[in-house]
Each structure stands twice: as structure tokens, then as C-alpha cells.
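As provided, model-v1.cif (mmCIF, C-alpha atoms, pLDDT in the B column; chains and numbers go by the auth columns) reads as follows.
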```
data_target
loop_
_atom_site.group_PDB
_atom_site.id
_atom_site.type_symbol
_atom_site.label_atom_id
_atom_site.label_comp_id
_atom_site.label_asym_id
_atom_site.label_seq_id
_atom_site.Cartn_x
_atom_site.Cartn_y
_atom_site.Cartn_z
_atom_site.B_iso_or_equiv
_atom_site.auth_seq_id
_atom_site.auth_asym_id
ATOM 1 C CA MET A 1 -13.349 37.529 -60.756 60.00 275 U
ATOM 2 C CA LYS A 2 -15.971 38.773 -58.286 59.00 276 U
ATOM 3 C CA ARG A 3 -18.834 37.640 -60.542 63.00 277 U
ATOM 4 C CA PHE A 4 -17.175 34.211 -60.986 62.00 278 U
ATOM 5 C CA LEU A 5 -16.902 33.725 -57.212 56.00 279 U
ATOM 6 C CA ILE A 6 -20.504 34.855 -56.561 60.00 280 U
ATOM 7 C CA TRP A 7 -21.934 32.454 -59.162 63.00 281 U
ATOM 8 C CA THR A 8 -19.706 29.610 -57.949 62.00 282 U
ATOM 9 C CA ALA A 9 -20.780 30.142 -54.311 59.00 283 U
ATOM 10 C CA ALA A 10 -24.476 30.348 -55.254 58.00 284 U
ATOM 11 C CA LEU A 11 -24.319 27.204 -57.375 60.00 285 U
ATOM 12 C CA THR A 12 -22.436 25.357 -54.617 59.00 286 U
ATOM 13 C CA ILE A 13 -25.154 26.174 -52.073 57.00 287 U
ATOM 14 C CA VAL A 14 -27.960 25.088 -54.421 55.00 288 U
ATOM 15 C CA VAL A 15 -26.243 21.835 -55.367 54.00 289 U
ATOM 16 C CA ALA A 16 -25.307 21.035 -51.746 54.00 290 U
ATOM 17 C CA ALA A 17 -28.906 21.580 -50.618 48.00 291 U
ATOM 18 C CA ALA A 18 -30.325 19.476 -53.453 52.00 292 U
ATOM 19 C CA GLY A 19 -27.813 16.683 -52.909 48.00 293 U
ATOM 20 C CA SER A 20 -27.870 16.494 -49.130 46.00 294 U
ATOM 21 C CA SER A 21 -29.571 13.081 -49.186 44.00 295 U
ATOM 22 C CA ALA A 22 -27.766 11.820 -52.286 45.00 296 U
ATOM 23 C CA ARG A 23 -25.549 8.741 -52.162 59.00 297 U
ATOM 24 C CA ALA A 24 -22.247 9.528 -53.833 61.00 298 U
ATOM 25 C CA GLU A 25 -20.440 6.687 -55.433 68.00 299 U
ATOM 26 C CA MET A 26 -16.940 6.734 -56.854 76.00 300 U
ATOM 27 C CA ARG A 27 -17.133 3.231 -58.368 82.00 301 U
ATOM 28 C CA PRO A 28 -14.035 1.220 -59.387 84.00 302 U
ATOM 29 C CA GLY A 29 -13.911 0.896 -63.168 85.00 303 U
ATOM 30 C CA ALA A 30 -16.075 3.988 -63.705 89.00 304 U
ATOM 31 C CA VAL A 31 -15.179 6.968 -65.853 94.00 305 U
ATOM 32 C CA GLU A 32 -15.770 10.604 -64.998 93.00 306 U
ATOM 33 C CA PHE A 33 -16.103 13.301 -67.611 95.00 307 U
ATOM 34 C CA GLY A 34 -17.160 16.912 -67.552 96.00 308 U
ATOM 35 C CA GLY A 35 -16.493 20.515 -68.382 97.00 309 U
ATOM 36 C CA PHE A 36 -15.421 23.509 -66.350 98.00 310 U
ATOM 37 C CA LEU A 37 -14.841 27.244 -66.351 97.00 311 U
ATOM 38 C CA TYR A 38 -11.847 28.736 -64.595 97.00 312 U
ATOM 39 C CA TRP A 39 -10.129 31.916 -63.579 96.00 313 U
ATOM 40 C CA VAL A 40 -6.328 32.057 -63.744 95.00 314 U
ATOM 41 C CA HIS A 41 -3.882 34.381 -62.020 95.00 315 U
ATOM 42 C CA PHE A 42 -0.688 34.340 -64.069 91.00 316 U
ATOM 43 C CA ASP A 43 2.721 34.795 -62.480 91.00 317 U
ATOM 44 C CA ASP A 44 3.655 38.506 -62.588 89.00 318 U
ATOM 45 C CA ASP A 45 6.816 37.631 -64.559 87.00 319 U
ATOM 46 C CA SER A 46 4.738 36.203 -67.424 83.00 320 U
ATOM 47 C CA ASN A 47 3.594 39.743 -68.371 84.00 321 U
ATOM 48 C CA VAL A 48 0.065 38.723 -69.382 87.00 322 U
ATOM 49 C CA ASP A 49 -3.312 39.727 -67.944 90.00 323 U
ATOM 50 C CA ASP A 50 -5.240 37.387 -65.633 91.00 324 U
ATOM 51 C CA THR A 51 -8.208 35.886 -67.462 93.00 325 U
ATOM 52 C CA GLN A 52 -10.980 33.305 -67.583 95.00 326 U
ATOM 53 C CA GLY A 53 -11.124 30.172 -69.674 96.00 327 U
ATOM 54 C CA GLY A 54 -12.783 26.828 -70.140 97.00 328 U
ATOM 55 C CA GLY A 55 -11.843 23.204 -70.327 97.00 329 U
ATOM 56 C CA LEU A 56 -12.782 19.540 -70.458 98.00 330 U
ATOM 57 C CA ARG A 57 -11.782 16.615 -68.267 97.00 331 U
ATOM 58 C CA PHE A 58 -11.840 12.825 -68.480 97.00 332 U
ATOM 59 C CA GLY A 59 -10.919 10.442 -65.676 96.00 333 U
ATOM 60 C CA ILE A 60 -10.653 6.700 -65.089 96.00 334 U
ATOM 61 C CA LEU A 61 -11.330 5.363 -61.574 93.00 335 U
ATOM 62 C CA PHE A 62 -9.089 2.375 -60.873 93.00 336 U
ATOM 63 C CA HIS A 63 -10.288 2.164 -57.279 90.00 337 U
ATOM 64 C CA GLU A 64 -12.858 4.252 -55.436 87.00 338 U
ATOM 65 C CA GLN A 65 -10.015 6.390 -54.052 93.00 339 U
ATOM 66 C CA HIS A 66 -7.579 6.378 -57.004 95.00 340 U
ATOM 67 C CA ALA A 67 -8.053 7.843 -60.464 96.00 341 U
ATOM 68 C CA LEU A 68 -6.068 8.982 -63.497 97.00 342 U
ATOM 69 C CA GLU A 69 -7.398 12.196 -65.020 97.00 343 U
ATOM 70 C CA PHE A 70 -6.739 14.094 -68.249 98.00 344 U
ATOM 71 C CA THR A 71 -7.655 17.765 -68.782 97.00 345 U
ATOM 72 C CA TRP A 72 -7.511 20.322 -71.572 97.00 346 U
ATOM 73 C CA GLU A 73 -7.812 24.048 -70.819 96.00 347 U
ATOM 74 C CA HIS A 74 -8.021 27.020 -73.174 96.00 348 U
ATOM 75 C CA SER A 75 -7.745 30.713 -72.373 95.00 349 U
ATOM 76 C CA GLU A 76 -7.188 33.911 -74.327 93.00 350 U
ATOM 77 C CA THR A 77 -5.524 36.961 -72.816 91.00 351 U
ATOM 78 C CA GLU A 78 -3.332 39.938 -73.748 88.00 352 U
ATOM 79 C CA ASP A 79 0.271 40.789 -73.048 81.00 353 U
ATOM 80 C CA ASP A 80 1.059 43.748 -70.785 76.00 354 U
ATOM 81 C CA PHE A 81 3.318 45.542 -73.289 75.00 355 U
ATOM 82 C CA PHE A 82 1.472 45.828 -76.607 73.00 356 U
ATOM 83 C CA GLY A 83 -1.990 44.486 -75.781 75.00 357 U
ATOM 84 C CA ASP A 84 -1.485 41.716 -78.356 82.00 358 U
ATOM 85 C CA ASP A 85 -3.383 38.446 -78.107 89.00 359 U
ATOM 86 C CA VAL A 86 -1.920 35.491 -76.239 90.00 360 U
ATOM 87 C CA ASP A 87 -3.659 32.099 -76.551 93.00 361 U
ATOM 88 C CA LEU A 88 -2.893 29.287 -74.110 93.00 362 U
ATOM 89 C CA ASP A 89 -3.821 25.605 -74.373 96.00 363 U
ATOM 90 C CA THR A 90 -2.826 23.372 -71.467 96.00 364 U
ATOM 91 C CA PHE A 91 -2.906 19.573 -71.498 98.00 365 U
ATOM 92 C CA ARG A 92 -2.470 17.740 -68.189 97.00 366 U
ATOM 93 C CA ALA A 93 -2.450 14.172 -66.870 98.00 367 U
ATOM 94 C CA GLY A 94 -2.690 13.640 -63.142 98.00 368 U
ATOM 95 C CA TYR A 95 -3.347 11.335 -60.237 98.00 369 U
ATOM 96 C CA VAL A 96 -6.485 12.031 -58.159 97.00 370 U
ATOM 97 C CA PHE A 97 -6.852 10.770 -54.584 97.00 371 U
ATOM 98 C CA ASN A 98 -10.500 10.794 -53.445 94.00 372 U
ATOM 99 C CA MET A 99 -10.463 11.220 -49.650 94.00 373 U
ATOM 100 C CA LEU A 100 -14.142 10.391 -48.930 90.00 374 U
ATOM 101 C CA PRO A 101 -15.347 8.569 -52.065 87.00 375 U
ATOM 102 C CA ASP A 102 -18.723 7.476 -50.614 85.00 376 U
ATOM 103 C CA ASN A 103 -19.869 10.855 -49.263 89.00 377 U
ATOM 104 C CA PRO A 104 -22.153 13.376 -51.034 91.00 378 U
ATOM 105 C CA ILE A 105 -19.422 15.966 -50.414 92.00 379 U
ATOM 106 C CA SER A 106 -16.199 14.290 -51.529 92.00 380 U
ATOM 107 C CA PRO A 107 -12.851 16.143 -51.193 96.00 381 U
ATOM 108 C CA PHE A 108 -9.850 15.137 -53.314 97.00 382 U
ATOM 109 C CA LEU A 109 -6.170 15.904 -53.947 98.00 383 U
ATOM 110 C CA THR A 110 -4.500 15.932 -57.358 98.00 384 U
ATOM 111 C CA VAL A 111 -0.943 16.067 -58.717 98.00 385 U
ATOM 112 C CA GLY A 112 0.603 15.571 -62.150 98.00 386 U
ATOM 113 C CA GLY A 113 2.180 17.115 -65.201 97.00 387 U
ATOM 114 C CA GLY A 114 1.687 18.068 -68.811 97.00 388 U
ATOM 115 C CA PHE A 115 2.472 20.830 -71.245 96.00 389 U
ATOM 116 C CA GLN A 116 1.231 24.273 -72.220 94.00 390 U
ATOM 117 C CA GLN A 117 1.109 25.580 -75.788 94.00 391 U
ATOM 118 C CA VAL A 118 1.486 29.378 -75.879 89.00 392 U
ATOM 119 C CA GLU A 119 0.794 31.375 -79.051 90.00 393 U
ATOM 120 C CA ILE A 120 1.922 35.023 -78.955 81.00 394 U
ATOM 121 C CA GLU A 121 0.551 37.279 -81.693 77.00 395 U
ATOM 122 C CA ALA A 122 3.198 40.019 -81.183 68.00 396 U
ATOM 123 C CA PHE A 123 6.027 37.674 -82.130 68.00 397 U
ATOM 124 C CA GLY A 124 4.098 35.491 -84.570 71.00 398 U
ATOM 125 C CA ASP A 125 5.516 32.607 -82.578 75.00 399 U
ATOM 126 C CA ASP A 126 4.444 29.801 -80.332 84.00 400 U
ATOM 127 C CA ALA A 127 6.157 27.768 -77.644 85.00 401 U
ATOM 128 C CA THR A 128 5.501 24.580 -75.706 91.00 402 U
ATOM 129 C CA ASP A 129 6.420 24.546 -72.024 91.00 403 U
ATOM 130 C CA GLU A 130 6.385 21.740 -69.445 94.00 404 U
ATOM 131 C CA VAL A 131 3.884 21.984 -66.573 96.00 405 U
ATOM 132 C CA LEU A 132 3.811 20.412 -63.092 97.00 406 U
ATOM 133 C CA PHE A 133 0.736 20.923 -60.949 97.00 407 U
ATOM 134 C CA GLY A 134 -0.817 20.149 -57.598 98.00 408 U
ATOM 135 C CA GLY A 135 -4.003 21.054 -55.834 98.00 409 U
ATOM 136 C CA GLY A 136 -7.278 19.856 -54.493 97.00 410 U
ATOM 137 C CA GLY A 137 -10.964 20.352 -54.509 97.00 411 U
ATOM 138 C CA VAL A 138 -14.345 18.927 -53.724 96.00 412 U
ATOM 139 C CA ARG A 139 -17.118 17.141 -55.610 93.00 413 U
ATOM 140 C CA ILE A 140 -20.668 17.780 -54.455 94.00 414 U
ATOM 141 C CA PHE A 141 -22.836 14.905 -55.676 92.00 415 U
ATOM 142 C CA VAL A 142 -26.470 15.153 -56.713 91.00 416 U
ATOM 143 C CA GLY A 143 -27.706 11.583 -57.013 85.00 417 U
ATOM 144 C CA ARG A 144 -25.409 8.705 -57.787 84.00 418 U
ATOM 145 C CA SER A 145 -23.506 10.102 -60.761 86.00 419 U
ATOM 146 C CA PHE A 146 -23.910 13.861 -61.321 93.00 420 U
ATOM 147 C CA ASN A 147 -21.611 16.233 -59.425 94.00 421 U
ATOM 148 C CA PHE A 148 -20.611 19.845 -59.168 96.00 422 U
ATOM 149 C CA ARG A 149 -16.863 20.191 -58.823 95.00 423 U
ATOM 150 C CA LEU A 150 -14.639 22.948 -57.438 97.00 424 U
ATOM 151 C CA ASP A 151 -10.840 22.820 -57.861 97.00 425 U
ATOM 152 C CA ALA A 152 -7.906 25.006 -56.844 97.00 426 U
ATOM 153 C CA VAL A 153 -4.640 24.223 -58.638 97.00 427 U
ATOM 154 C CA VAL A 154 -1.143 25.697 -58.677 97.00 428 U
ATOM 155 C CA GLU A 155 0.843 25.158 -61.881 95.00 429 U
ATOM 156 C CA LEU A 156 4.630 25.387 -62.155 95.00 430 U
ATOM 157 C CA ILE A 157 5.499 26.192 -65.763 92.00 431 U
ATOM 158 C CA TYR A 158 9.004 25.882 -67.211 89.00 432 U
ATOM 159 C CA PRO A 159 9.574 28.269 -70.129 79.00 433 U
ATOM 160 C CA GLU A 160 13.149 28.771 -71.376 75.00 434 U
ATOM 161 C CA ASP A 161 15.577 29.393 -68.472 77.00 435 U
ATOM 162 C CA ASP A 162 12.806 30.371 -66.041 84.00 436 U
ATOM 163 C CA SER A 163 9.863 29.104 -64.018 92.00 437 U
ATOM 164 C CA LEU A 164 6.419 30.607 -63.497 92.00 438 U
ATOM 165 C CA TRP A 165 3.732 29.921 -60.874 95.00 439 U
ATOM 166 C CA ASP A 166 0.116 30.241 -62.034 95.00 440 U
ATOM 167 C CA THR A 167 -2.969 29.742 -59.835 96.00 441 U
ATOM 168 C CA LEU A 168 -6.292 28.422 -61.167 96.00 442 U
ATOM 169 C CA LEU A 169 -9.756 28.348 -59.566 97.00 443 U
ATOM 170 C CA MET A 170 -12.145 26.036 -61.428 97.00 444 U
ATOM 171 C CA GLY A 171 -15.851 25.274 -61.203 97.00 445 U
ATOM 172 C CA GLY A 172 -17.627 22.721 -63.324 97.00 446 U
ATOM 173 C CA LEU A 173 -19.940 19.779 -63.758 96.00 447 U
ATOM 174 C CA GLY A 174 -19.046 16.105 -63.810 95.00 448 U
ATOM 175 C CA TRP A 175 -20.633 12.722 -64.419 93.00 449 U
ATOM 176 C CA VAL A 176 -19.423 9.395 -63.080 90.00 450 U
ATOM 177 C CA ILE A 177 -20.682 6.547 -65.281 90.00 451 U
ATOM 178 C CA GLY A 178 -20.190 2.787 -65.347 84.00 452 U
ATOM 179 C CA GLY A 179 -18.097 0.841 -62.895 77.00 453 U
ATOM 180 C CA ARG A 180 -18.933 -1.873 -60.389 73.00 454 U
#
```
For the file at hand, write its structure as C-alpha cells.
Amino acid sequence: MKRFLIWTAALTIVVAAAGSSARAEMRPGAVEFGGFLYWVHFDDDSNVDDTQGGGLRFGILFHEQHALEFTWEHSETEDDFFGDDVDLDTFRAGYVFNMLPDNPISPFLTVGGGFQQVEIEAFGDDATDEVLFGGGGVRIFVGRSFNFRLDAVVELIYPEDDSLWDTLLMGGLGWVIGGR
């Protein structure tokens, strides 16, 4: 976790310095795509170790401030009891509100839902659980299209007869292409 935060902070400073004169542009009709790495703190009741993972995202900008975004995340961890492997794949769709779409440093809010596929080696079983999420972040643009993106998201997961709260910190790269 400490190494993740140090690299994220260093990259943020470099990108912010390089992009200080850049003209950001969240253009209506554009698409944004990119990849990211993340660290997740699982709810203590889930009985799995916190871990890192990776993912991909794709978004459609309907207006400079409004977008629909789809993400896929994958992580591998271990359960606290037997040390057996637990694989998680999360698929989400969400609304993104870009607060300052024309600035080189562009904050945003996001909310939505999806599902999480959990495969547990110890039981030879898998399950699919519903997910609701909310959070925010910031894009730091370098030029017109390339950006470095930081997100913080809280996920509410609904396994059988329970609910779990997971927290994710994400850092990645994005490209905004096309649009008017």
C-alpha cells in the first residue's frame, strides 16, 4: 500500500507539472478509455486479505459534464482461514459528473451499480453478488486528450443475507478521443 501511494503521488506531481499549460477538453460525443491499477480494502466481515488489482474502463461523454462509464476490475487474494485463493471480477456501469470539464485538473463524482463474480478455491464454488458504488476523483490532463486519473470509490456489495463495504483507491491513464 505504501509503495502504491508513493508512486501515485510522484506520478501525479510529474503529470501536473507537465500539464500545467494544457487545455483539457471533455468534448460532447467523445469516448474515454483507459486502464488502472488499484488497491482494495475489503470489509472485515468478508474474511479475505486486502490486495491490489487492475482494470479497464470505457466511457461515453453525452455532454461535457455528463458521461456513462463501464469498468471491469480483477483482483486475486486469499481467505483468512485456509489461505486459499479467492478471485474477484467486478463489472460496473455508472454515471460520471465532471465538475470542471474544461480545466487541466478536472474533478468528478461517480455513482452506479453492477455485479461482482467471486470464485473461492476452498469451496470449489463461485457466486455473483450485486454492487452499488459511489465516489469521486480527479483527471489531470496532459494536452487535449491524455490524462492521469485518480479515483476513490466505496462499494456496497450484497452477498446472501448480508452487506459488505469495500474501499478502492485507483490510479490510471485515460484518453479522451473524438467528439465535437
For this session: Would you mind telling me which residue in U:Leu430, U:Ala367, U:Val322, U:Leu374 lies nearest to U:Ile414 when using only C-alpha atoms?
Result: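 Using only C-alpha atoms, U:Ile414 sits closest to U:Leu374.
Across the model, the gap from atom CA of U:Ser349 to atom CA of U:Gly328 is 6.7 Å.
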As AutoDock Vina command-line options: centre and edge lengths in Å, one decimal, of the axis-aligned box holding stretch 374-382 of chain U with 4 Å per side:
```
--center_x -16.0 --center_y 11.8 --center_z -51.1 --size_x 20.3 --size_y 16.7 --size_z 12.4
```
Problem set entry | Who sits within 10 Å of stretch 379-387 of chain U, all atoms listed in the file, same chain under 4 positions skipped, as an MDAnalysis selection string | chainID U and resid 290 293:294 296:300 339:344 365:375 404:416 421:431
For this session: Kindly indicate which residue among U:Glu395, U:Asp324, U:Phe336, U:Leu330 lies nearest to U:Gly452, using all atoms listed in the file for the distances.
Result: U:Phe336
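Shortest atom-to-atom contact with U:Thr441 among U:Thr351, U:Thr345, U:Asn377, U:Gln326: U:Gln326, counting all atoms listed in the file.
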Give me the residues near U:Gly308 as a PDB file with C-alpha atoms, in the frame of the given file, where near means some atom within 9 Å (using all atoms listed in the file) and where sequence neighbours in that chain fewer than 6 positions away do not count.
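out.pdb, written as the output of this step:
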```pdb
ATOM      1  CA  GLY U 329     -11.843  23.204 -70.327  1.00 97.00           C
ATOM      2  CA  LEU U 330     -12.782  19.540 -70.458  1.00 98.00           C
ATOM      3  CA  ARG U 331     -11.782  16.615 -68.267  1.00 97.00           C
ATOM      4  CA  PHE U 332     -11.840  12.825 -68.480  1.00 97.00           C
ATOM      5  CA  GLY U 446     -17.627  22.721 -63.324  1.00 97.00           C
ATOM      6  CA  LEU U 447     -19.940  19.779 -63.758  1.00 96.00           C
ATOM      7  CA  GLY U 448     -19.046  16.105 -63.810  1.00 95.00           C
ATOM      8  CA  TRP U 449     -20.633  12.722 -64.419  1.00 93.00           C
TER       9      TRP U 449
END
```
